[in-house]
$ cat start10.txt   # compact mmCIF, C-alpha atoms and all ligand atoms
# COMPACT_ATOMS: atom_id res chain seq x y z
CA MET A 13 -6.17 -76.67 108.53
CA ASP A 14 -2.58 -76.76 109.63
CA PHE A 15 -0.33 -75.36 106.94
CA ASN A 16 2.91 -75.74 108.87
CA LEU A 17 5.32 -77.70 106.72
CA THR A 18 6.22 -81.19 107.89
CA VAL A 19 9.88 -81.96 108.56
CA GLU A 20 10.03 -83.78 105.21
CA GLN A 21 8.49 -80.85 103.33
CA GLN A 22 10.94 -78.44 104.94
CA GLN A 23 13.79 -80.77 103.96
CA ILE A 24 12.56 -80.77 100.36
CA ARG A 25 12.53 -76.97 100.39
CA ASP A 26 16.07 -76.89 101.80
CA GLU A 27 17.33 -79.44 99.27
CA ILE A 28 15.86 -77.54 96.31
CA ARG A 29 17.39 -74.32 97.63
CA LYS A 30 20.73 -76.07 97.78
CA VAL A 31 20.48 -77.33 94.19
CA CYS A 32 19.32 -73.94 92.94
CA LYS A 33 22.35 -72.25 94.52
CA GLU A 34 24.44 -74.10 91.91
CA PHE A 35 22.45 -72.21 89.25
CA PRO A 36 22.69 -68.57 90.25
CA ASP A 37 21.29 -65.46 88.54
CA GLY A 38 24.08 -65.41 85.98
CA TYR A 39 23.17 -68.90 84.76
CA TRP A 40 19.53 -67.96 84.11
CA ARG A 41 20.52 -64.61 82.61
CA GLU A 42 22.79 -66.29 80.09
CA VAL A 43 20.21 -68.95 79.24
CA ASP A 44 17.68 -66.19 78.68
CA HIS A 45 20.07 -64.05 76.65
CA ASN A 46 21.00 -66.99 74.40
CA LYS A 47 17.40 -68.24 74.20
CA ALA A 48 18.86 -71.57 75.33
CA TYR A 49 17.20 -74.40 77.23
CA PRO A 50 18.43 -74.73 80.84
CA GLU A 51 19.70 -78.19 80.01
CA ALA A 52 22.21 -78.49 82.87
CA PHE A 53 19.61 -77.44 85.43
CA VAL A 54 16.92 -79.81 84.15
CA ARG A 55 19.43 -82.67 83.94
CA LYS A 56 20.52 -82.05 87.51
CA LEU A 57 16.94 -81.99 88.82
CA SER A 58 16.17 -85.20 86.92
CA GLU A 59 19.28 -86.93 88.22
CA LEU A 60 18.30 -86.05 91.77
CA GLY A 61 14.81 -87.40 91.15
CA TRP A 62 12.97 -84.15 91.83
CA LEU A 63 11.11 -84.18 88.52
CA ALA A 64 9.80 -87.63 89.41
CA ALA A 65 8.12 -86.29 92.54
CA LEU A 66 4.63 -87.28 91.43
CA ILE A 67 5.56 -90.70 90.06
CA PRO A 68 4.70 -93.48 92.55
CA GLU A 69 7.59 -95.39 94.07
CA GLU A 70 6.52 -98.64 92.40
CA TYR A 71 7.37 -96.99 89.05
CA GLY A 72 10.69 -95.58 90.23
CA GLY A 73 9.50 -92.16 91.37
CA THR A 74 9.46 -90.59 94.80
CA GLY A 75 5.69 -90.82 95.26
CA LEU A 76 5.26 -87.38 96.78
CA GLY A 77 2.07 -85.32 96.85
CA ILE A 78 1.07 -82.15 95.05
CA THR A 79 2.08 -80.11 98.12
CA GLU A 80 5.66 -81.33 97.86
CA ALA A 81 5.71 -80.94 94.06
CA SER A 82 4.48 -77.39 94.46
CA ILE A 83 7.26 -76.63 96.95
CA ILE A 84 9.82 -77.84 94.39
CA LEU A 85 8.50 -75.52 91.66
CA GLU A 86 8.07 -72.63 94.09
CA GLU A 87 11.68 -72.81 95.22
CA ILE A 88 13.00 -72.90 91.67
CA ASN A 89 11.23 -69.62 90.93
CA HIS A 90 12.08 -68.21 94.33
CA SER A 91 15.76 -68.82 93.62
CA GLY A 92 15.59 -66.68 90.46
CA GLY A 93 15.13 -69.57 88.06
CA VAL A 94 12.13 -70.50 85.98
CA ALA A 95 10.30 -73.73 86.67
CA THR A 96 8.30 -73.53 83.46
CA ALA A 97 11.33 -75.10 81.76
CA CYS A 98 10.43 -78.43 83.33
CA HIS A 99 7.03 -78.13 85.02
CA ALA A 100 5.02 -79.90 82.31
CA GLN A 101 6.30 -83.25 83.50
CA MET A 102 4.43 -82.63 86.74
CA TYR A 103 1.35 -81.08 85.10
CA THR A 104 0.85 -83.97 82.74
CA MET A 105 1.75 -86.80 85.07
CA GLY A 106 -1.78 -87.15 86.48
CA THR A 107 -3.27 -87.95 83.07
CA LEU A 108 -0.94 -90.89 82.59
CA LEU A 109 -1.21 -92.01 86.22
CA ARG A 110 -4.97 -91.80 86.53
CA HIS A 111 -6.03 -92.87 83.06
CA GLY A 112 -3.11 -94.77 81.55
CA ASN A 113 -3.15 -98.58 81.68
CA GLU A 114 -0.64 -100.70 83.55
CA GLU A 115 1.37 -101.51 80.42
CA GLN A 116 1.73 -97.79 79.57
CA LYS A 117 2.77 -96.92 83.11
CA LYS A 118 5.36 -99.70 83.18
CA ARG A 119 6.64 -98.70 79.73
CA TYR A 120 7.06 -95.01 80.40
CA LEU A 121 7.08 -94.08 84.07
CA PRO A 122 10.35 -95.72 85.21
CA LYS A 123 12.23 -94.11 82.28
CA ILE A 124 10.64 -90.74 82.98
CA ALA A 125 11.51 -91.15 86.65
CA ASN A 126 15.18 -91.84 86.00
CA GLY A 127 15.43 -89.06 83.42
CA ARG A 128 15.98 -91.29 80.37
CA LEU A 129 12.72 -90.02 78.85
CA ARG A 130 11.32 -86.51 79.06
CA LEU A 131 7.59 -85.90 79.00
CA GLN A 132 7.76 -82.12 78.84
CA ALA A 133 5.51 -81.40 75.85
CA PHE A 134 1.77 -81.01 76.17
CA GLY A 135 -0.17 -80.40 72.95
CA VAL A 136 -3.59 -78.86 73.43
CA THR A 137 -3.81 -75.28 72.12
CA GLU A 138 -4.72 -74.63 68.49
CA PRO A 139 -4.89 -71.41 66.47
CA ASP A 140 -8.64 -71.58 65.78
CA ALA A 141 -9.72 -72.91 69.17
CA GLY A 142 -7.78 -70.88 71.75
CA SER A 143 -9.19 -71.24 75.24
CA GLU A 144 -12.13 -73.22 73.82
CA SER A 145 -10.31 -76.55 73.81
CA THR A 146 -13.42 -78.54 72.82
CA LYS A 147 -13.15 -76.88 69.39
CA ILE A 148 -9.73 -78.26 68.50
CA GLN A 149 -9.46 -79.61 64.95
CA THR A 150 -6.33 -81.77 64.94
CA THR A 151 -7.62 -85.21 64.07
CA ALA A 152 -6.57 -88.71 65.06
CA THR A 153 -8.01 -91.19 62.56
CA ARG A 154 -7.77 -94.88 63.29
CA LYS A 155 -6.24 -97.01 60.53
CA GLY A 156 -5.83 -100.62 61.73
CA ASP A 157 -3.45 -100.68 64.67
CA ARG A 158 -2.43 -97.00 64.30
CA TYR A 159 -3.90 -93.56 64.52
CA LEU A 160 -2.93 -90.98 61.90
CA ILE A 161 -2.59 -87.50 63.37
CA ASN A 162 -3.17 -84.48 61.14
CA GLY A 163 -3.50 -80.82 62.01
CA GLN A 164 -1.80 -77.93 63.69
CA LYS A 165 -1.06 -76.84 67.24
CA ILE A 166 0.21 -73.49 68.45
CA PHE A 167 2.19 -72.43 71.54
CA ILE A 168 3.41 -75.94 72.29
CA SER A 169 6.41 -75.68 74.57
CA ARG A 170 9.54 -77.85 74.81
CA VAL A 171 8.75 -80.11 71.83
CA LEU A 172 12.40 -80.01 70.81
CA GLN A 173 13.58 -80.71 74.38
CA SER A 174 11.19 -83.59 75.00
CA ASP A 175 11.03 -87.25 74.04
CA LEU A 176 7.30 -87.59 74.52
CA MET A 177 4.29 -85.38 73.97
CA LEU A 178 0.93 -85.76 75.58
CA LEU A 179 -1.46 -84.86 72.76
CA LEU A 180 -5.16 -84.00 72.68
CA ALA A 181 -6.69 -84.76 69.28
CA ARG A 182 -10.14 -85.17 67.78
CA THR A 183 -11.40 -88.71 67.18
CA THR A 184 -15.03 -87.78 66.38
CA PRO A 185 -16.06 -84.78 64.25
CA TYR A 186 -17.42 -81.89 66.35
CA ASP A 187 -20.71 -81.73 64.42
CA ALA A 188 -21.38 -85.43 65.01
CA LEU A 189 -21.33 -84.97 68.80
CA GLN A 190 -24.27 -84.39 71.10
CA ASP A 191 -21.99 -83.75 74.06
CA LYS A 192 -19.28 -81.43 72.74
CA THR A 193 -16.89 -82.39 75.55
CA ARG A 194 -16.66 -85.90 74.06
CA GLY A 195 -14.93 -86.90 70.83
CA LEU A 196 -11.41 -85.92 71.92
CA SER A 197 -8.70 -88.38 72.88
CA VAL A 198 -5.32 -88.26 74.57
CA PHE A 199 -2.25 -89.92 73.10
CA ILE A 200 1.36 -90.34 74.05
CA VAL A 201 3.35 -89.34 70.99
CA ASP A 202 6.91 -90.61 70.74
CA LEU A 203 8.54 -87.58 69.16
CA SER A 204 11.51 -89.50 67.76
CA GLU A 205 9.18 -91.83 65.85
CA ALA A 206 7.25 -88.83 64.48
CA LYS A 207 10.28 -87.29 62.81
CA GLY A 208 9.75 -86.34 59.16
CA LYS A 209 6.00 -86.10 59.66
CA LEU A 210 6.06 -83.55 62.43
CA GLU A 211 7.19 -80.02 61.67
CA VAL A 212 8.20 -77.87 64.64
CA LYS A 213 8.56 -74.12 64.10
CA PRO A 214 9.96 -72.23 67.11
CA LEU A 215 8.10 -69.02 67.95
CA ASP A 216 9.85 -65.78 68.77
CA LEU A 217 8.21 -64.79 72.07
CA MET A 218 8.69 -62.21 74.84
CA ILE A 219 10.11 -64.91 77.10
CA ASN A 220 12.59 -67.75 76.66
CA HIS A 221 10.07 -70.57 76.71
CA HIS A 222 10.92 -72.88 73.78
CA THR A 223 7.43 -72.60 72.40
CA ASN A 224 6.47 -73.72 68.92
CA ALA A 225 3.91 -74.05 66.22
CA VAL A 226 3.60 -77.76 65.45
CA PHE A 227 2.28 -79.31 62.24
CA PHE A 228 1.21 -82.97 62.06
CA ASP A 229 1.22 -84.60 58.66
CA ASN A 230 0.05 -88.20 58.99
CA VAL A 231 2.02 -88.74 62.20
CA GLU A 232 1.50 -92.39 63.13
CA VAL A 233 0.72 -93.29 66.72
CA PRO A 234 0.19 -96.94 67.69
CA VAL A 235 -3.21 -97.70 69.26
CA GLU A 236 -1.47 -98.81 72.44
CA ASN A 237 -0.50 -95.15 72.96
CA LEU A 238 -4.13 -94.08 73.36
CA ILE A 239 -4.67 -93.15 77.01
CA GLY A 240 -7.87 -94.48 78.53
CA GLN A 241 -10.99 -94.61 76.40
CA GLU A 242 -11.28 -93.05 72.96
CA GLY A 243 -13.44 -89.91 73.08
CA MET A 244 -12.89 -89.24 76.79
CA GLY A 245 -9.69 -87.20 76.45
CA PHE A 246 -11.13 -83.82 77.35
CA ARG A 247 -12.42 -85.24 80.65
CA TYR A 248 -8.94 -86.64 81.38
CA ILE A 249 -7.35 -83.26 80.70
CA ILE A 250 -9.89 -81.52 82.96
CA ASP A 251 -9.00 -84.01 85.71
CA GLY A 252 -5.50 -82.54 85.66
CA TRP A 253 -6.57 -78.93 85.88
CA ASN A 254 -6.61 -78.65 89.66
CA ALA A 255 -3.06 -79.98 89.92
CA GLU A 256 -1.95 -77.62 87.18
CA ARG A 257 -3.52 -74.61 88.86
CA ILE A 258 -1.97 -75.44 92.25
CA LEU A 259 1.47 -75.93 90.72
CA VAL A 260 1.30 -72.70 88.74
CA ALA A 261 0.14 -70.87 91.87
CA ALA A 262 3.25 -72.12 93.67
CA GLU A 263 5.49 -70.94 90.83
CA ALA A 264 3.87 -67.51 91.09
CA ILE A 265 4.40 -67.49 94.87
CA GLY A 266 8.07 -68.25 94.28
CA ASP A 267 8.32 -65.39 91.80
CA GLY A 268 6.46 -63.07 94.15
CA ARG A 269 8.85 -63.81 97.00
CA TRP A 270 11.84 -63.21 94.73
CA PHE A 271 10.46 -59.80 93.66
CA VAL A 272 9.59 -58.73 97.20
CA GLU A 273 12.97 -59.76 98.60
CA ARG A 274 14.89 -58.07 95.81
CA ALA A 275 12.77 -54.94 96.05
CA ALA A 276 13.10 -54.70 99.85
CA ARG A 277 16.85 -55.20 99.64
CA TYR A 278 17.34 -52.62 96.91
CA ALA A 279 15.00 -50.12 98.62
CA SER A 280 17.06 -50.41 101.80
CA GLN A 281 20.39 -49.93 100.03
CA ARG A 282 19.75 -47.38 97.29
CA VAL A 283 20.30 -43.85 98.61
CA VAL A 284 18.70 -40.91 96.79
CA PHE A 285 18.07 -37.47 98.31
CA GLY A 286 20.32 -38.46 101.17
CA ARG A 287 18.36 -41.49 102.44
CA PRO A 288 17.43 -45.02 101.40
CA ILE A 289 14.53 -44.89 98.94
CA GLY A 290 12.73 -47.50 101.07
CA SER A 291 12.28 -44.92 103.85
CA ASN A 292 9.71 -43.25 101.58
CA GLN A 293 6.20 -44.61 101.98
CA GLY A 294 5.68 -44.29 98.20
CA VAL A 295 8.40 -46.90 97.69
CA GLN A 296 7.92 -49.03 100.81
CA PHE A 297 4.16 -49.51 100.83
CA PRO A 298 3.75 -51.05 97.33
CA ILE A 299 6.37 -53.63 98.33
CA ALA A 300 4.64 -54.33 101.65
CA LYS A 301 1.27 -54.56 99.87
CA ALA A 302 2.61 -57.04 97.34
CA TYR A 303 4.09 -59.06 100.21
CA ALA A 304 0.71 -59.14 101.98
CA ASN A 305 -1.05 -60.37 98.84
CA ILE A 306 1.53 -63.07 98.20
CA GLU A 307 1.29 -64.37 101.76
CA ALA A 308 -2.53 -64.44 101.50
CA ALA A 309 -2.38 -66.25 98.15
CA ASP A 310 0.08 -68.73 99.65
CA LEU A 311 -2.43 -69.74 102.33
CA VAL A 312 -5.02 -70.53 99.66
CA ARG A 313 -2.38 -72.45 97.71
CA TYR A 314 -1.68 -74.66 100.75
CA GLN A 315 -5.39 -75.04 101.37
CA ALA A 316 -5.87 -76.22 97.78
CA ALA A 317 -2.81 -78.50 97.87
CA THR A 318 -3.80 -80.04 101.20
CA LYS A 319 -7.32 -80.80 99.95
CA PHE A 320 -5.91 -82.19 96.70
CA ASP A 321 -3.57 -84.53 98.58
CA ARG A 322 -6.46 -85.66 100.79
CA LYS A 323 -8.41 -86.39 97.59
CA GLU A 324 -11.06 -83.85 98.57
CA LYS A 325 -12.81 -81.55 96.10
CA CYS A 326 -10.60 -78.54 95.55
CA GLY A 327 -11.70 -76.86 92.31
CA ALA A 328 -12.64 -73.62 94.06
CA GLU A 329 -9.40 -73.42 96.06
CA ALA A 330 -7.17 -74.43 93.14
CA ASN A 331 -8.69 -71.75 90.92
CA LEU A 332 -8.57 -69.14 93.70
CA ALA A 333 -4.93 -69.96 94.36
CA LYS A 334 -3.95 -69.71 90.68
CA TYR A 335 -5.74 -66.39 90.30
CA LEU A 336 -4.56 -64.78 93.53
CA ALA A 337 -0.97 -65.97 93.26
CA SER A 338 -0.43 -64.97 89.63
CA GLU A 339 -1.98 -61.54 90.21
CA ALA A 340 0.04 -61.05 93.41
CA ALA A 341 3.25 -62.04 91.61
CA TRP A 342 2.49 -59.55 88.86
CA GLU A 343 1.84 -56.85 91.47
CA ALA A 344 5.16 -57.72 93.12
CA ALA A 345 6.90 -57.63 89.73
CA ASN A 346 5.65 -54.10 89.14
CA ALA A 347 6.61 -52.98 92.63
CA CYS A 348 10.08 -54.46 92.17
CA LEU A 349 10.59 -52.86 88.76
CA THR A 350 9.42 -49.47 90.00
CA THR A 351 11.69 -49.73 93.04
CA HIS A 352 14.69 -50.37 90.82
CA GLY A 353 13.98 -47.32 88.68
CA GLY A 354 16.04 -47.39 85.50
CA TYR A 355 18.12 -50.29 86.80
CA GLY A 356 15.00 -52.45 86.66
CA PHE A 357 15.42 -52.42 82.89
CA ALA A 358 19.04 -53.56 83.02
CA ALA A 359 19.44 -57.29 82.32
CA GLU A 360 22.16 -57.63 84.97
CA TYR A 361 19.60 -57.00 87.76
CA ASP A 362 17.40 -59.88 86.49
CA VAL A 363 14.25 -57.92 87.34
CA GLU A 364 13.24 -57.38 83.71
CA ARG A 365 13.68 -61.09 82.97
CA LYS A 366 11.61 -62.23 85.94
CA PHE A 367 9.08 -59.48 85.11
CA ARG A 368 8.57 -60.97 81.64
CA GLU A 369 8.51 -64.52 82.94
CA THR A 370 5.95 -63.99 85.70
CA ARG A 371 3.52 -62.18 83.40
CA LEU A 372 2.96 -65.46 81.58
CA LEU A 373 1.39 -67.02 84.66
CA THR A 374 -1.69 -64.79 84.38
CA ILE A 375 -2.25 -66.07 80.80
CA ALA A 376 -0.90 -69.62 80.54
CA PRO A 377 -1.49 -72.46 81.09
CA VAL A 378 -4.92 -70.91 81.55
CA SER A 379 -5.90 -67.28 81.35
CA ASN A 380 -7.20 -65.66 84.52
CA ASN A 381 -10.43 -64.71 82.75
CA LEU A 382 -11.21 -68.39 82.40
CA VAL A 383 -10.34 -68.88 86.08
CA LEU A 384 -12.77 -66.11 87.00
CA ALA A 385 -15.37 -67.75 84.74
CA TYR A 386 -14.93 -70.96 86.75
CA LEU A 387 -15.39 -69.12 90.04
CA GLY A 388 -18.39 -67.18 88.71
CA GLN A 389 -20.16 -70.25 87.40
CA HIS A 390 -19.13 -73.15 89.61
CA VAL A 391 -18.59 -71.42 92.94
CA LEU A 392 -20.98 -68.46 92.78
CA GLY A 393 -23.67 -70.17 90.71
CA MET A 394 -23.92 -67.49 88.02
CA PRO A 395 -24.75 -68.35 84.39
CA LYS A 396 -22.01 -69.75 82.19
CA SER A 397 -20.19 -66.74 80.71
CA TYR A 398 -18.43 -68.37 77.77
C1 LIG B 401 4.70 -68.98 76.41
C2 LIG B 401 3.49 -69.85 76.23
C3 LIG B 401 3.61 -71.21 76.39
C4 LIG B 401 2.52 -72.03 76.17
N1 LIG B 401 2.68 -73.40 76.25
C5 LIG B 401 1.65 -74.21 75.92
C6 LIG B 401 1.84 -75.63 75.84
O1 LIG B 401 2.93 -76.16 76.10
N2 LIG B 401 0.79 -76.39 75.44
C7 LIG B 401 -0.42 -75.87 75.12
O2 LIG B 401 -1.33 -76.62 74.77
N3 LIG B 401 -0.64 -74.52 75.19
C8 LIG B 401 0.37 -73.69 75.57
N4 LIG B 401 0.18 -72.33 75.61
C9 LIG B 401 -1.10 -71.78 75.22
C10 LIG B 401 -1.88 -71.18 76.38
O3 LIG B 401 -2.42 -72.20 77.18
C11 LIG B 401 -2.96 -70.28 75.74
O4 LIG B 401 -2.28 -69.17 75.17
C12 LIG B 401 -3.97 -69.82 76.73
O5 LIG B 401 -4.71 -70.91 77.19
C13 LIG B 401 -4.91 -68.80 76.12
O6 LIG B 401 -5.37 -69.20 74.84
P1 LIG B 401 -5.23 -68.22 73.59
O7 LIG B 401 -3.84 -67.70 73.56
O8 LIG B 401 -5.70 -68.88 72.36
O9 LIG B 401 -6.16 -67.02 73.94
P2 LIG B 401 -7.70 -66.82 73.53
O10 LIG B 401 -8.52 -68.02 73.90
O11 LIG B 401 -7.76 -66.36 72.12
O12 LIG B 401 -8.08 -65.63 74.49
C14 LIG B 401 -7.57 -64.31 74.32
C15 LIG B 401 -8.00 -63.48 75.51
O13 LIG B 401 -9.43 -63.42 75.54
C16 LIG B 401 -9.89 -63.89 76.80
N5 LIG B 401 -11.15 -64.63 76.59
C17 LIG B 401 -11.45 -65.53 75.62
N6 LIG B 401 -12.70 -65.95 75.77
C18 LIG B 401 -13.21 -65.33 76.85
C19 LIG B 401 -14.48 -65.36 77.52
N7 LIG B 401 -15.49 -66.11 77.12
N8 LIG B 401 -14.62 -64.58 78.63
C20 LIG B 401 -13.63 -63.77 79.04
N9 LIG B 401 -12.41 -63.71 78.45
C21 LIG B 401 -12.21 -64.48 77.37
C22 LIG B 401 -8.81 -64.81 77.33
O14 LIG B 401 -8.89 -64.91 78.72
C23 LIG B 401 -7.56 -64.08 76.85
O15 LIG B 401 -7.22 -63.08 77.76
C24 LIG B 401 1.26 -71.48 75.84
C25 LIG B 401 1.13 -70.09 75.71
C26 LIG B 401 2.24 -69.29 75.88
C27 LIG B 401 2.09 -67.79 75.67
$ encode --input "start10.txt" --output "structure tokens"
Amino acid sequence: MDFNLTVEQQQIRDEIRKVCKEFPDGYWREVDHNKAYPEAFVRKLSELGWLAALIPEEYGGTGLGITEASIILEEINHSGGVATACHAQMYTMGTLLRHGNEEQKKRYLPKIANGRLRLQAFGVTEPDAGSESTKIQTTATRKGDRYLINGQKIFISRVLQSDLMLLLARTTPYDALQDKTRGLSVFIVDLSEAKGKLEVKPLDLMINHHTNAVFFDNVEVPVENLIGQEGMGFRYIIDGWNAERILVAAEAIGDGRWFVERAARYASQRVVFGRPIGSNQGVQFPIAKAYANIEAADLVRYQAATKFDRKEKCGAEANLAKYLASEAAWEAANACLTTHGGYGFAAEYDVERKFRETRLLTIAPVSNNLVLAYLGQHVLGMPKSY
């Protein structure tokens, strides 16, 4: 496979770098310090159409592939920013594109593409289900031309910054199912219409991620907002997992590059015992090792993205890329923090912020244990471990 970027892909990288320069370290530091949403950044990206990368041109998007989308997210993180603030729009897009009907696509996609609507909230995780999504208990009960949603979700990000939420809810009781992967359905929830019946409680987390507990109390969703067939929602969500894993891998690669570059620069400049600390192998080699692992992970990321864009099977590569990239980024984060010594803990160096942010990628949107379980079972043929 040829992983050299095309001229267009290189142009996308350059353009994103240019936009990100308008949002330097200080911008992200202040947003983090104030626990604010990077509103100006997200608005700018939307205005320029970058968040519509995966929306086909016929619906007002730019109709790019997952490779290009991954380059966009990578460069945001590489610049020192945090793509998680707006990545869900790309993660969730496939569900609507692949399984939504024409009327839904016409209703939502052009407005998402031009930034008038945000689809940044994705409601799957629940307190009593965790990684076992087939055990979720939030129900969607049909009453005439509406569904009534009741239940509770946890760790749902950007609900207050989004207009729409893609929601996974139960339409058949778990015990009534032979196949436990059935009985769940996906809905588009218009968050403005849900007001009064939807309680959103922001969570105080280690990172600035706008994540909430969400309580549904008879939230009404019109039947026309059901995506695809009732009961098939879990399958639709799984269909999006490869894209999600490739995109998160790219974010981790971006983080990893940021850490390595900052560490190498600091190690070359900081003089202790009369010489730059980077002239000591104990400082230099962990940075070089992290660099090697990031570059290796990046190759798998492009392999996965290329196969995805060719519509070839890529579950193994997507999972490998997510695992390798997030672990390599975490290794780079540690090397960078260690290199900075005490200054690594000072907010003004941004290392501690990026350190916190990149750690998430080993846990969410899917924990690396579950990624390893996929590789063990589906690639290596071992028994199911969960
Ligand atoms: C900042 C943040 C933002 C998030 N945003 C969203 C969002 O927008 N929407 C959404 O739906 N969710 C979101 N999540 C939830 C996230 O996807 C889950 O936290 C993640 O999938 C893990 O689920 P859990 O926290 O319930 O962990 P659990 O499932 O309770 O697992 C805990 C630990 O045990 C391990 N484990 C569990 N079972 C096994 C097993 N069989 N074998 C080996 N290891 C196992 C897991 O890997 C993990 O390390 C977010 C989480 C965070 C922290």
$ residues_near_ligand --input "start10.txt" --ligand "ligand LIG 401 (chain B)" --cutoff "9 Å" --atoms "only C-alpha atoms and all ligand atoms" --output "number ranges by chain"
A: 96, 100, 132-145, 165-171, 179-180, 217-224, 369, 372, 374-385, 397-398
$ residues_around --input "start10.txt" --residues "Lys301 of chain A" --least-positions-apart "4" --cutoff "9 Å" --atoms "all atoms listed in the file" --output "VMD selection string"
chain A and resid 296 to 297 305 to 306 343 to 344
$ write_last_selection --input "start10.txt" --atoms "C-alpha atoms" --output "PDB file, in the coordinates of the input"
ATOM      1  CA  GLN A 296       7.920 -49.030 100.810  1.00  0.00           C
ATOM      2  CA  PHE A 297       4.160 -49.510 100.830  1.00  0.00           C
ATOM      3  CA  ASN A 305      -1.050 -60.370  98.840  1.00  0.00           C
ATOM      4  CA  ILE A 306       1.530 -63.070  98.200  1.00  0.00           C
ATOM      5  CA  GLU A 343       1.840 -56.850  91.470  1.00  0.00           C
ATOM      6  CA  ALA A 344       5.160 -57.720  93.120  1.00  0.00           C
TER       7      ALA A 344
END
$ residues_around --input "start10.txt" --residues "segment 318-333 of chain A" --least-positions-apart "3" --cutoff "10 Å" --atoms "all atoms listed in the file" --output "ChimeraX atom specification"
/A:13-15,76-80,253-262,264-265,308-315,336-339,380,382-387,390-392
$ closest_residue --input "start10.txt" --among "A:Leu210, A:Thr74, A:Lys155, A:Ile83" --to "Thr18 of chain A" --atoms "all atoms listed in the file"
A:Ile83
$ closest_residue --input "start10.txt" --among "A:Gly61, A:Arg282, A:Pro68, A:Leu178" --to "Asn126 of chain A" --atoms "all atoms listed in the file"
A:Gly61
$ axis_aligned_box --input "start10.txt" --around "segment 333-346 of chain A" --padding-each-side "3 Å" --output "JSON"
{"center_x": 0.6, "center_y": -62.0, "center_z": 91.6, "size_x": 18.6, "size_y": 21.9, "size_z": 11.5}
$ residues_near_point --input "start10.txt" --point "(20.8, -77.4, 77.2)" --cutoff "12 Å" --atoms "only C-alpha atoms" --output "list in words"
Tyr39, Trp40, Glu42, Val43, Asp44, Asn46, Lys47, Ala48, Tyr49, Pro50, Glu51, Ala52, Phe53, Val54, Arg55, Lys56, Ala97, Arg170, Leu172, Gln173, Ser174 and His222 of chain A
$ closest_residue --input "start10.txt" --among "A:Gly353, A:Gly266, A:Pro234, A:Gly294" --to "Glu307 of chain A" --atoms "all atoms listed in the file"
A:Gly266
$ closest_residue --input "start10.txt" --among "A:Gly127, A:Gly243, A:Gly268, A:Gly38" --to "Thr151 of chain A" --atoms "all atoms listed in the file"
A:Gly243
$ atom_distance --input "start10.txt" --atom1 "atom CA of Ala225 of chain A" --atom2 "atom CA of Leu109 of chain A"
27.4 Å
$ atom_distance --input "start10.txt" --atom1 "atom CA of Pro36 of chain A" --atom2 "atom CA of Arg368 of chain A"
18.2 Å
$ atom_distance --input "start10.txt" --atom1 "atom CA of Ser197 of chain A" --atom2 "atom CA of Ile239 of chain A"
7.5 Å
$ residues_near_point --input "start10.txt" --point "(12.0, -70.0, 96.5)" --cutoff "10 Å" --atoms "all atoms listed in the file" --output "list in words"
Arg25, Asp26, Ile28, Arg29, Cys32, Ile83, Ile84, Leu85, Glu86, Glu87, Ile88, Asn89, His90, Ser91, Gly92, Gly93, Ala262, Glu263, Ile265, Gly266, Asp267, Gly268, Arg269 and Trp270 of chain A
$ closest_residue --input "start10.txt" --among "A:Gly286, A:Lys366, A:Asp175, A:Gly73" --to "Cys348 of chain A" --atoms "all atoms listed in the file"
A:Lys366
$ build_atoms --input "start10.txt" --residues "segment 350-356 of chain A" --atoms "N, CA, C and O atoms" --output "PDB file, in the coordinates of the input"
ATOM      1  N   THR A 350       9.505 -50.895  89.648  1.00  0.00           N
ATOM      2  CA  THR A 350       9.420 -49.470  90.000  1.00  0.00           C
ATOM      3  C   THR A 350      10.499 -49.113  91.017  1.00  0.00           C
ATOM      4  O   THR A 350      11.163 -48.078  90.908  1.00  0.00           O
ATOM      5  N   THR A 351      10.686 -49.982  91.999  1.00  0.00           N
ATOM      6  CA  THR A 351      11.690 -49.730  93.040  1.00  0.00           C
ATOM      7  C   THR A 351      13.085 -49.596  92.438  1.00  0.00           C
ATOM      8  O   THR A 351      13.891 -48.785  92.904  1.00  0.00           O
ATOM      9  N   HIS A 352      13.355 -50.393  91.432  1.00  0.00           N
ATOM     10  CA  HIS A 352      14.690 -50.370  90.820  1.00  0.00           C
ATOM     11  C   HIS A 352      14.870 -49.214  89.837  1.00  0.00           C
ATOM     12  O   HIS A 352      15.975 -49.055  89.293  1.00  0.00           O
ATOM     13  N   GLY A 353      13.840 -48.439  89.602  1.00  0.00           N
ATOM     14  CA  GLY A 353      13.980 -47.320  88.680  1.00  0.00           C
ATOM     15  C   GLY A 353      14.543 -47.793  87.351  1.00  0.00           C
ATOM     16  O   GLY A 353      14.187 -48.866  86.854  1.00  0.00           O
ATOM     17  N   GLY A 354      15.451 -47.029  86.793  1.00  0.00           N
ATOM     18  CA  GLY A 354      16.040 -47.390  85.500  1.00  0.00           C
ATOM     19  C   GLY A 354      16.785 -48.704  85.530  1.00  0.00           C
ATOM     20  O   GLY A 354      16.826 -49.434  84.538  1.00  0.00           O
ATOM     21  N   TYR A 355      17.343 -49.052  86.709  1.00  0.00           N
ATOM     22  CA  TYR A 355      18.120 -50.290  86.800  1.00  0.00           C
ATOM     23  C   TYR A 355      17.236 -51.531  86.632  1.00  0.00           C
ATOM     24  O   TYR A 355      17.715 -52.607  86.317  1.00  0.00           O
ATOM     25  N   GLY A 356      15.935 -51.343  86.864  1.00  0.00           N
ATOM     26  CA  GLY A 356      15.000 -52.450  86.660  1.00  0.00           C
ATOM     27  C   GLY A 356      14.993 -52.937  85.216  1.00  0.00           C
ATOM     28  O   GLY A 356      14.604 -54.070  84.935  1.00  0.00           O
TER      29      GLY A 356
END
